[in-house]
>>> print(open('start-v3.txt').read())   # compact mmCIF, C-alpha atoms
# COMPACT_ATOMS: atom_id res chain seq x y z
CA MET N 182 44.93 41.89 28.74
CA ALA N 183 42.29 39.81 27.02
CA GLN N 184 41.69 36.32 28.29
CA THR N 185 42.38 33.42 25.98
CA VAL N 186 39.50 31.06 25.43
CA THR N 187 40.53 27.46 24.93
CA TYR N 188 38.13 25.24 23.07
CA VAL N 189 38.67 21.67 24.16
CA LYS N 190 38.19 19.06 21.47
CA ILE N 191 37.56 15.36 21.87
CA SER N 192 41.05 14.68 20.58
CA ASP N 193 42.49 16.64 23.49
CA LEU N 194 40.85 14.31 25.99
CA GLN N 195 40.61 11.12 23.98
CA LYS N 196 42.07 9.10 26.82
CA ALA N 197 38.88 9.82 28.76
CA TYR N 198 37.01 7.63 26.28
CA GLN N 199 36.87 3.89 26.01
CA ARG N 200 37.38 2.37 22.60
CA SER N 201 34.20 1.11 20.96
CA THR N 202 34.06 -1.81 18.57
CA THR N 203 31.29 -3.23 16.43
CA LYS N 204 30.65 -6.92 16.20
CA LEU N 205 32.89 -8.99 13.92
CA TYR N 206 31.90 -9.12 10.26
CA ARG N 207 33.13 -11.71 7.75
CA THR N 208 33.78 -10.46 4.23
CA TYR N 209 33.74 -13.75 2.34
CA THR N 210 31.79 -17.02 2.13
CA ARG N 211 33.07 -19.67 4.53
CA ARG N 212 30.46 -22.29 3.66
CA VAL N 213 31.81 -25.38 1.90
CA ASP N 214 28.94 -27.44 0.51
CA GLU N 215 31.12 -30.38 -0.45
CA TYR N 216 32.18 -30.86 3.16
CA ASN N 217 28.55 -31.49 4.06
CA TRP N 218 27.63 -33.40 0.89
CA MET N 219 30.07 -36.11 1.90
CA ASP N 220 27.87 -36.83 4.93
CA GLU N 221 25.05 -37.76 2.53
CA PHE N 222 27.04 -40.55 0.88
CA PRO N 223 26.49 -44.04 2.30
CA ASP N 224 28.78 -45.12 5.10
CA GLU N 225 30.70 -48.19 3.92
CA ASP N 226 30.00 -51.32 5.97
CA ILE N 227 33.57 -52.31 6.84
CA GLN N 228 35.68 -52.71 9.94
CA PRO N 229 38.70 -50.59 8.91
CA SER N 230 42.11 -52.24 8.89
CA GLY N 231 45.43 -50.55 9.48
CA ARG N 232 47.00 -53.13 7.17
CA GLU N 233 44.85 -53.45 4.05
CA ASN N 234 41.28 -52.59 3.07
CA LEU N 235 39.79 -54.49 0.14
CA ILE N 236 36.58 -54.15 -1.85
CA PRO N 237 35.33 -57.22 -3.80
CA LEU N 238 34.12 -56.20 -7.26
CA ASP N 239 31.84 -58.03 -9.66
CA VAL N 240 33.01 -56.48 -12.91
CA ALA N 241 32.77 -59.35 -15.44
CA ARG N 242 29.64 -60.10 -17.43
CA GLY N 243 28.46 -63.69 -17.55
CA TYR N 244 29.09 -65.54 -20.81
CA GLY N 245 29.17 -68.99 -22.34
CA ALA N 246 25.52 -69.69 -23.18
CA HIS N 247 25.39 -72.31 -25.99
CA GLN N 248 22.80 -73.35 -28.60
CA MET N 249 23.07 -77.15 -28.76
CA ASP N 250 21.98 -79.87 -31.19
CA ASP N 251 19.54 -82.56 -30.20
CA ALA N 252 21.52 -84.83 -27.86
CA GLY N 253 24.55 -82.66 -28.65
CA TRP N 254 27.35 -81.35 -26.54
CA GLU N 255 26.38 -79.03 -23.71
CA SER N 256 28.06 -75.69 -23.12
CA ARG N 257 31.47 -75.26 -21.58
CA THR N 258 31.55 -74.73 -17.83
CA GLU N 259 32.49 -71.10 -17.44
CA THR N 260 32.33 -68.64 -14.53
CA PRO N 261 34.21 -65.33 -14.68
CA ALA N 262 36.40 -64.57 -11.70
CA LEU N 263 35.66 -61.89 -9.17
CA GLN N 264 38.03 -58.95 -8.91
CA GLU N 265 38.96 -56.89 -5.91
CA GLY N 266 40.15 -53.39 -5.35
CA ALA N 267 41.97 -51.79 -2.46
CA PHE N 268 41.58 -48.38 -0.88
CA VAL N 269 43.51 -46.42 1.71
CA PHE N 270 42.58 -44.02 4.46
CA ASN N 271 44.02 -40.52 4.20
CA HIS N 272 44.69 -38.20 7.10
CA THR N 273 43.73 -34.52 6.96
CA ASN N 274 45.35 -32.51 9.75
CA ALA N 275 45.09 -28.81 10.57
CA ARG N 276 46.53 -27.19 13.71
CA PHE N 277 46.93 -23.96 15.60
CA SER N 278 48.71 -22.78 18.73
CA ILE N 279 47.49 -20.47 21.48
CA SER N 280 49.45 -19.03 24.39
CA LEU N 281 48.81 -19.86 28.04
CA ARG N 282 48.31 -16.14 28.60
CA ALA N 283 45.47 -16.16 26.08
CA GLN N 284 43.96 -19.07 27.99
CA ALA N 285 44.14 -17.04 31.20
CA PHE N 286 42.45 -14.06 29.53
CA ASP N 287 39.74 -16.36 28.16
CA LYS N 288 38.95 -17.41 31.72
CA ALA N 289 39.29 -14.08 33.51
CA ALA N 290 38.27 -11.47 30.92
CA ARG N 291 36.06 -13.17 28.34
CA GLY N 292 33.76 -10.15 28.22
CA ASN N 293 36.54 -8.13 26.59
CA PHE N 294 36.72 -10.37 23.52
CA ILE N 295 35.13 -9.29 20.24
CA ILE N 296 35.26 -13.00 19.50
CA ARG N 297 36.91 -15.55 21.74
CA GLN N 298 40.42 -16.13 20.48
CA ILE N 299 40.01 -19.90 20.81
CA LYS N 300 36.78 -19.74 18.81
CA TYR N 301 38.31 -17.66 16.02
CA GLN N 302 41.33 -19.94 15.76
CA SER N 303 39.12 -23.04 15.79
CA ILE N 304 36.98 -21.66 12.96
CA LYS N 305 40.04 -20.88 10.84
CA CYS N 306 41.56 -24.29 11.52
CA ILE N 307 38.39 -26.14 10.53
CA GLU N 308 37.91 -23.86 7.52
CA GLY N 309 41.31 -24.87 6.18
CA ALA N 310 40.32 -28.54 6.42
CA MET N 311 36.94 -27.89 4.79
CA ARG N 312 38.52 -26.13 1.80
CA LYS N 313 40.85 -29.08 1.35
CA TYR N 314 37.85 -31.43 1.32
CA ALA N 315 36.15 -29.29 -1.34
CA TYR N 316 38.99 -29.70 -3.81
CA MET N 317 39.47 -33.38 -2.89
CA PHE N 318 35.79 -33.89 -3.70
CA TYR N 319 36.52 -33.13 -7.37
CA GLY N 320 40.23 -33.82 -7.84
CA PHE N 321 42.67 -36.68 -8.07
CA SER N 322 44.38 -38.79 -5.45
CA THR N 323 47.65 -37.27 -6.67
CA GLY N 324 46.65 -33.99 -5.00
CA VAL N 325 47.59 -31.91 -8.07
CA LEU N 326 45.90 -28.49 -7.99
CA ALA N 327 47.25 -26.88 -11.16
CA GLN N 328 50.37 -26.63 -13.29
CA CYS N 329 52.96 -23.95 -14.03
CA ASN N 330 52.39 -22.15 -17.32
CA GLY N 331 55.88 -21.68 -18.73
CA ALA N 332 59.44 -22.28 -17.60
CA GLN N 333 61.31 -19.87 -15.30
CA GLY N 334 64.98 -19.62 -14.39
CA ALA N 335 66.57 -20.29 -11.02
CA ALA N 336 65.33 -17.91 -8.30
CA THR N 337 64.25 -17.92 -4.67
CA SER N 338 60.84 -16.51 -5.58
CA HIS N 339 58.61 -16.64 -8.64
CA THR N 340 55.35 -15.28 -9.96
CA ILE N 341 53.69 -18.36 -11.42
CA THR N 342 50.97 -18.19 -14.04
CA LEU N 343 48.64 -21.13 -13.56
CA LYS N 344 47.19 -23.55 -16.11
CA ASN N 345 45.44 -26.91 -16.26
CA GLY N 346 43.40 -27.07 -13.07
CA PHE N 347 43.74 -30.55 -11.48
CA GLY N 348 46.20 -31.24 -14.31
CA LEU N 349 43.46 -31.07 -16.97
CA THR N 350 43.60 -28.72 -19.96
CA ILE N 351 39.81 -28.45 -19.90
CA VAL N 352 39.95 -26.69 -16.49
CA SER N 353 41.33 -23.38 -17.73
CA ASN N 354 39.46 -20.72 -15.74
CA LEU N 355 42.17 -18.50 -14.22
CA ASN N 356 40.01 -17.17 -11.41
CA TYR N 357 39.03 -20.69 -10.36
CA MET N 358 42.63 -21.90 -10.26
CA ALA N 359 43.93 -18.85 -8.40
CA ASN N 360 41.19 -19.27 -5.79
CA MET N 361 42.73 -22.61 -4.86
CA PHE N 362 45.50 -20.70 -3.12
CA THR N 363 45.59 -18.39 -0.10
CA VAL N 364 48.40 -16.10 0.99
CA GLY N 365 50.40 -18.00 3.60
CA GLU N 366 49.56 -21.42 2.11
CA GLY N 367 52.44 -23.86 1.65
CA VAL N 368 52.93 -25.21 -1.86
CA ALA N 369 55.39 -27.47 -3.65
CA LEU N 370 56.35 -28.37 -7.21
CA ILE N 371 56.28 -31.99 -8.34
CA ARG N 372 57.97 -33.17 -11.51
CA ALA N 373 57.93 -36.77 -12.77
CA GLY N 374 56.69 -37.97 -9.39
CA ALA N 375 59.49 -36.29 -7.41
CA LEU N 376 59.87 -33.05 -5.49
CA VAL N 377 61.66 -30.36 -7.49
CA THR N 378 64.85 -29.31 -5.70
CA ASN N 379 64.13 -26.68 -3.00
CA ALA N 380 60.57 -26.31 -4.36
CA ILE N 381 58.63 -26.07 -1.10
CA GLY N 382 57.53 -22.52 -0.43
CA THR N 383 54.86 -20.13 0.75
CA VAL N 384 52.29 -18.25 -1.30
CA THR N 385 52.91 -14.51 -0.94
CA SER N 386 50.35 -13.14 -3.40
CA VAL N 387 47.30 -14.21 -5.39
CA ASN N 388 45.97 -12.46 -8.50
CA LEU N 389 42.48 -13.70 -9.35
CA THR N 390 42.34 -11.78 -12.62
CA THR N 391 45.58 -12.96 -14.20
CA GLY N 392 45.56 -16.39 -12.57
CA GLN N 393 48.94 -15.91 -10.94
CA ILE N 394 50.44 -16.68 -7.54
CA GLY N 395 53.63 -15.36 -6.01
CA VAL N 396 55.73 -17.95 -4.16
CA THR N 397 58.85 -17.60 -2.03
CA TRP N 398 60.91 -20.78 -1.88
CA GLY N 399 63.27 -22.21 0.70
CA GLY N 400 66.14 -22.04 -1.82
CA SER N 401 66.87 -21.51 -5.48
CA VAL N 402 64.24 -23.17 -7.71
CA THR N 403 64.11 -23.70 -11.47
CA ILE N 404 60.61 -24.11 -12.93
CA VAL N 405 59.87 -26.28 -15.95
CA ASP N 406 56.69 -25.81 -17.95
CA SER N 407 53.85 -27.99 -16.62
CA ASP N 408 55.42 -28.63 -13.22
CA ASN N 409 52.62 -29.80 -10.93
CA ILE N 410 51.60 -27.68 -7.93
CA VAL N 411 50.41 -29.32 -4.70
CA TYR N 412 49.78 -28.13 -1.16
CA ALA N 413 52.73 -28.46 1.22
CA ASN N 414 51.79 -27.53 4.77
CA GLY N 415 53.94 -30.02 6.71
CA VAL N 416 55.68 -28.42 9.66
CA THR N 417 59.25 -29.10 8.51
CA GLY N 418 58.67 -28.54 4.81
CA GLN N 419 61.81 -30.26 3.55
CA THR N 420 60.78 -33.42 1.73
CA ILE N 421 57.96 -34.74 -0.45
CA SER N 422 56.46 -36.28 2.71
CA GLU N 423 55.45 -32.76 3.84
CA THR N 424 53.36 -32.30 0.69
CA ASP N 425 49.91 -33.55 -0.35
CA PHE N 426 51.30 -35.52 -3.28
CA ASN N 427 49.50 -38.88 -3.61
CA LYS N 428 47.60 -38.34 -0.33
CA TRP N 429 44.15 -37.21 -1.45
CA ASN N 430 40.96 -39.23 -1.41
CA TYR N 431 39.49 -40.29 -4.75
CA GLY N 432 37.56 -37.41 -6.31
CA LEU N 433 34.92 -37.22 -9.03
CA LEU N 434 37.46 -36.51 -11.79
CA ASP N 435 39.66 -39.35 -10.57
CA ASN N 436 36.68 -41.67 -10.80
CA LEU N 437 35.86 -40.56 -14.32
CA ILE N 438 39.29 -40.26 -15.94
CA THR N 439 42.01 -42.27 -14.21
CA ASP N 440 42.66 -45.65 -15.80
CA SER N 441 43.70 -47.51 -12.65
CA LEU N 442 41.60 -46.86 -9.57
CA GLU N 443 41.60 -48.96 -6.40
CA GLY N 444 44.24 -51.11 -8.08
CA LEU N 445 42.01 -52.13 -11.00
CA ALA N 446 42.54 -50.74 -14.51
CA THR N 447 39.78 -49.87 -16.96
CA SER N 448 42.11 -50.77 -19.81
CA ALA N 449 42.18 -54.34 -18.49
CA VAL N 450 38.55 -54.50 -17.33
CA PRO N 451 36.38 -52.24 -19.56
CA THR N 452 33.32 -52.54 -17.30
CA TRP N 453 35.40 -50.86 -14.56
CA GLY N 454 34.89 -47.40 -16.00
CA THR N 455 32.42 -44.61 -16.50
CA PRO N 456 29.86 -45.04 -19.29
CA LEU N 457 29.80 -41.31 -20.11
CA TYR N 458 32.54 -38.70 -19.95
CA ASP N 459 31.88 -36.18 -22.72
CA THR N 460 34.04 -33.06 -23.13
CA ASN N 461 32.70 -31.96 -26.51
CA GLY N 462 30.96 -28.96 -25.00
CA GLY N 463 27.60 -27.48 -25.88
CA SER N 464 24.87 -26.57 -23.41
CA LEU N 465 23.44 -28.75 -20.70
CA GLY N 466 19.82 -29.46 -21.47
CA PHE N 467 17.11 -32.07 -21.68
CA VAL N 468 18.95 -34.36 -24.10
CA LYS N 469 22.22 -34.42 -22.15
CA ILE N 470 20.41 -35.16 -18.91
CA LYS N 471 18.49 -37.90 -20.71
CA LYS N 472 21.83 -39.38 -21.82
CA MET N 473 23.05 -39.26 -18.21
CA ARG N 474 19.99 -41.23 -17.14
CA GLN N 475 20.41 -43.76 -19.93
CA ALA N 476 24.12 -44.30 -19.27
CA LEU N 477 23.53 -44.90 -15.57
CA GLN N 478 20.62 -47.24 -16.24
CA ASN N 479 22.31 -49.18 -19.04
CA PHE N 480 25.72 -49.61 -17.45
CA GLY N 481 25.46 -48.76 -13.76
CA ASP N 482 22.15 -50.45 -12.95
CA THR N 483 21.10 -47.29 -11.14
CA GLU N 484 19.02 -44.14 -11.54
CA LEU N 485 20.27 -40.58 -11.78
CA ARG N 486 20.01 -39.11 -8.30
CA ARG N 487 22.13 -35.98 -8.30
CA ILE N 488 23.59 -33.43 -10.70
CA ILE N 489 26.38 -31.17 -9.49
CA TYR N 490 27.28 -28.41 -11.91
CA SER N 491 29.29 -25.20 -11.90
CA ASN N 492 27.59 -21.86 -11.31
CA GLY N 493 28.06 -20.89 -14.95
CA VAL N 494 26.62 -24.16 -16.28
CA GLU N 495 23.65 -23.76 -13.94
CA ASN N 496 23.04 -20.25 -15.28
CA ASP N 497 23.18 -21.36 -18.92
CA PHE N 498 21.02 -24.43 -18.24
CA GLN N 499 18.31 -22.49 -16.46
CA ALA N 500 18.38 -19.65 -19.01
CA ARG N 501 17.85 -22.09 -21.88
CA GLU N 502 15.13 -24.06 -20.12
CA ARG N 503 13.42 -20.88 -18.98
CA GLY N 504 13.48 -19.54 -22.53
CA ALA N 505 11.26 -22.44 -23.52
CA LEU N 506 8.52 -21.42 -21.06
CA MET N 507 5.35 -19.75 -22.20
CA TRP N 508 3.84 -17.42 -19.61
CA THR N 509 0.09 -16.96 -20.00
CA ASP N 510 -0.29 -15.07 -16.73
CA SER N 511 2.31 -12.36 -16.11
CA GLY N 512 1.12 -12.05 -12.53
CA ARG N 513 2.35 -15.56 -11.77
CA MET N 514 5.75 -15.15 -13.45
CA ASN N 515 8.75 -15.43 -11.11
CA VAL N 516 12.50 -14.99 -11.46
CA ASP N 517 13.59 -17.99 -9.39
CA ALA N 518 14.50 -19.92 -12.55
CA ASN N 519 14.12 -23.20 -10.71
CA VAL N 520 14.50 -26.27 -12.92
CA SER N 521 13.65 -29.73 -11.67
CA ALA N 522 13.72 -33.33 -12.82
CA LYS N 523 11.89 -36.16 -11.12
CA GLY N 524 14.03 -37.86 -8.52
CA VAL N 525 17.08 -35.69 -9.22
CA GLU N 526 18.69 -33.18 -6.85
CA PHE N 527 20.47 -30.26 -8.51
CA ASP N 528 23.44 -28.74 -6.66
CA THR N 529 26.03 -26.12 -7.47
CA SER N 530 29.07 -24.79 -5.66
CA ARG N 531 31.81 -22.25 -6.17
CA PHE N 532 34.28 -25.13 -5.92
CA THR N 533 32.77 -27.10 -8.83
CA PRO N 534 35.19 -26.95 -11.80
CA PRO N 535 33.94 -24.49 -14.44
CA THR N 536 32.14 -25.95 -17.49
CA PHE N 537 31.44 -29.26 -15.69
CA ALA N 538 28.25 -31.11 -14.83
CA PHE N 539 28.57 -34.36 -12.87
CA GLY N 540 25.79 -36.93 -12.68
CA LEU N 541 25.72 -39.39 -9.78
CA GLY N 542 23.59 -42.47 -9.32
CA LYS N 543 22.81 -44.29 -6.12
CA ASP N 544 25.92 -45.79 -4.50
CA ALA N 545 28.27 -43.89 -6.80
CA ILE N 546 30.56 -43.10 -3.87
CA HIS N 547 30.75 -44.48 -0.36
CA ARG N 548 32.70 -42.98 2.49
CA LYS N 549 34.28 -44.12 5.70
CA VAL N 550 35.39 -41.72 8.42
CA VAL N 551 37.25 -43.32 11.30
CA SER N 552 37.77 -40.16 13.33
CA GLU N 553 35.68 -37.25 14.57
CA LYS N 554 34.50 -34.93 11.80
CA PRO N 555 33.95 -31.45 13.27
CA SER N 556 31.18 -29.16 12.10
CA GLU N 557 32.11 -25.79 10.63
CA ASP N 558 31.18 -23.91 13.82
CA ASP N 559 32.78 -26.21 16.39
CA VAL N 560 35.07 -24.73 19.02
CA ILE N 561 38.14 -26.77 19.86
CA GLU N 562 38.16 -26.02 23.57
CA PHE N 563 41.27 -25.78 25.72
CA GLY N 564 40.64 -29.21 27.21
CA LYS N 565 41.35 -30.78 23.82
CA LEU N 566 44.70 -29.02 23.39
CA PHE N 567 48.06 -30.20 24.64
CA LYS N 568 51.08 -28.38 26.04
CA ALA N 569 53.76 -27.35 23.58
CA GLU N 570 57.15 -28.60 24.70
CA ASP N 571 59.28 -25.86 26.30
CA ARG N 572 56.87 -23.11 25.22
CA SER N 573 54.22 -21.19 27.11
CA ALA N 574 51.61 -22.33 24.65
CA LEU N 575 49.11 -25.02 23.75
CA LYS N 576 48.68 -26.77 20.42
CA GLY N 577 45.86 -28.67 18.83
CA GLY N 578 43.51 -28.85 15.90
CA VAL N 579 41.53 -31.32 13.85
CA ASP N 580 42.40 -34.77 12.53
CA MET N 581 40.12 -36.41 10.01
CA ILE N 582 40.99 -39.88 8.79
CA SER N 583 38.75 -40.89 5.93
CA ALA N 584 38.43 -42.75 2.65
CA ASN N 585 36.29 -42.34 -0.43
CA ILE N 586 35.33 -45.77 -1.71
CA ILE N 587 34.18 -46.37 -5.29
CA PRO N 588 31.91 -49.46 -5.44
CA SER N 589 31.11 -48.91 -9.13
CA ARG N 590 32.63 -46.39 -11.53
CA SER N 591 29.70 -46.92 -13.90
CA ARG N 592 27.47 -44.98 -11.50
CA SER N 593 29.17 -41.65 -12.22
CA VAL N 594 28.97 -39.66 -15.46
CA ALA N 595 29.96 -36.16 -16.52
CA TYR N 596 30.03 -33.50 -19.21
CA GLY N 597 32.90 -31.04 -19.47
CA GLY N 598 33.53 -28.00 -21.62
CA LEU N 599 29.88 -26.95 -21.33
CA ASN N 600 28.65 -23.44 -22.11
CA GLU N 601 28.39 -21.05 -19.18
CA GLN N 602 26.73 -17.73 -18.52
>>> encode(input="start-v3.txt", output="structure tokens")
Amino acid sequence: MAQTVTYVKISDLQKAYQRSTTKLYRTYTRRVDEYNWMDEFPDEDIQPSGRENLIPLDVARGYGAHQMDDAGWESRTETPALQEGAFVFNHTNARFSISLRAQAFDKAARGNFIIRQIKYQSIKCIEGAMRKYAYMFYGFSTGVLAQCNGAQGAATSHTITLKNGFGLTIVSNLNYMANMFTVGEGVALIRAGALVTNAIGTVTSVNLTTGQIGVTWGGSVTIVDSDNIVYANGVTGQTISETDFNKWNYGLLDNLITDSLEGLATSAVPTWGTPLYDTNGGSLGFVKIKKMRQALQNFGDTELRRIIYSNGVENDFQARERGALMWTDSGRMNVDANVSAKGVEFDTSRFTPPTFAFGLGKDAIHRKVVSEKPSEDDVIEFGKLFKAEDRSALKGGVDMISANIIPSRSRSVAYGGLNEQ
């Protein structure tokens, strides 16, 4: 009888092997430029109050000069009154929980982690806060992200097509609006300043091509065209208090568009407003930047210090300016496409609203942070967490209490609807 030869394969003895794992790779960009740009704005010189924070404003031009006759009557005695605005501090909170068992493993078996669990959870917690800051940098204190495109009947879940980023028709890029949302994010619908019945839910899908998000609600919801969408990540998720509505810091668009800001209305005090907000389109170029400079000099008593534009506007701007170059030495030609202007810093970000270019002068925005502002790579160590009641777990996160303060709206200008490439 012939002997049977058995060929042993790795799969037959796979339990003799240890599992091998590469290092952790991230598949997306975590960097949020706006989170760091805020650190470059001047820190407001104020001792914060938990009751009321005011900003005195000199917004009225002097008047009353008189041409008098010889020995005639002198001018009237006139001095325009000062105005004052008020600002509030807003609280950005992001949390996570981690089990006591995970804490024990972190102490006893840290070498077995691909990445420390506490580090990974810290990074994700801080990242959520940073993304919020990016959209607050541009948006409105209302916290509106986008609006619903079309009405939908009563249902416990909907696929919502987005429109009007930040509530503005000019922000129409579907990919940009859909990127505001992440699967698992809490959202709510606001209509006429009130929470739509049962309309706090969770994002279940995001389609960047069609500009749609899927949302599952806590009950039956009826959508009306142009309902406003805001974040809603409060732990109970039952009332408008668990949403972001009316809890954002002032953003660039707020500064440029909103009539009443810091309690003072442009309609009542014309000098309390931007000297240039142009949405007629075209391409950003020498003349438009010159107009930015002139507007800031003539009305804001400041110089253009920074331009923040969308990626597409940057591409079109640099392509047009580069097309005007004459290369006499092909060996020195480069493809960096860098464009500069004396004294002006040019910045761009994936969070900048498409077709926009913002121009900022000195002291356009001040900030005040009254709590610790973590860096993007900070680890919220176990010593900063607290015990969850009746659970074998710890909880913690980040709390950033801050305000954006506008000392002069005439030191910010913008173009919208610009050409992009």
>>> atom_distance(input="start-v3.txt", atom1="CA of Tyr431 in chain N", atom2="CA of Thr210 in chain N")
25.5 Å
>>> closest_residue(input="start-v3.txt", among="N:Arg297, N:Arg212, N:Arg590, N:Lys549", to="Val450 in chain N", atoms="only C-alpha atoms")
N:Arg590
>>> closest_residue(input="start-v3.txt", among="N:Ala336, N:Ala327, N:Asn293, N:Asn409", to="Ser353 in chain N", atoms="only C-alpha atoms")
N:Ala327
>>> closest_residue(input="start-v3.txt", among="N:Asp251, N:Glu225, N:Asp459, N:Asp239", to="Phe539 in chain N", atoms="only C-alpha atoms")
N:Asp459
>>> closest_residue(input="start-v3.txt", among="N:Ala413, N:Val396, N:Gln228, N:Asn360", to="Arg531 in chain N", atoms="only C-alpha atoms")
N:Asn360
>>> closest_residue(input="start-v3.txt", among="N:Asn461, N:Thr529, N:Asn345, N:Thr455", to="Asn492 in chain N", atoms="only C-alpha atoms")
N:Thr529
>>> residues_near_point(input="start-v3.txt", point="(55.6, -26.8, 8.3)", cutoff="10 Å", atoms="all atoms listed in the file", output="PyMOL selection string")
chain N and resi 367+381-382+413-419+423-424
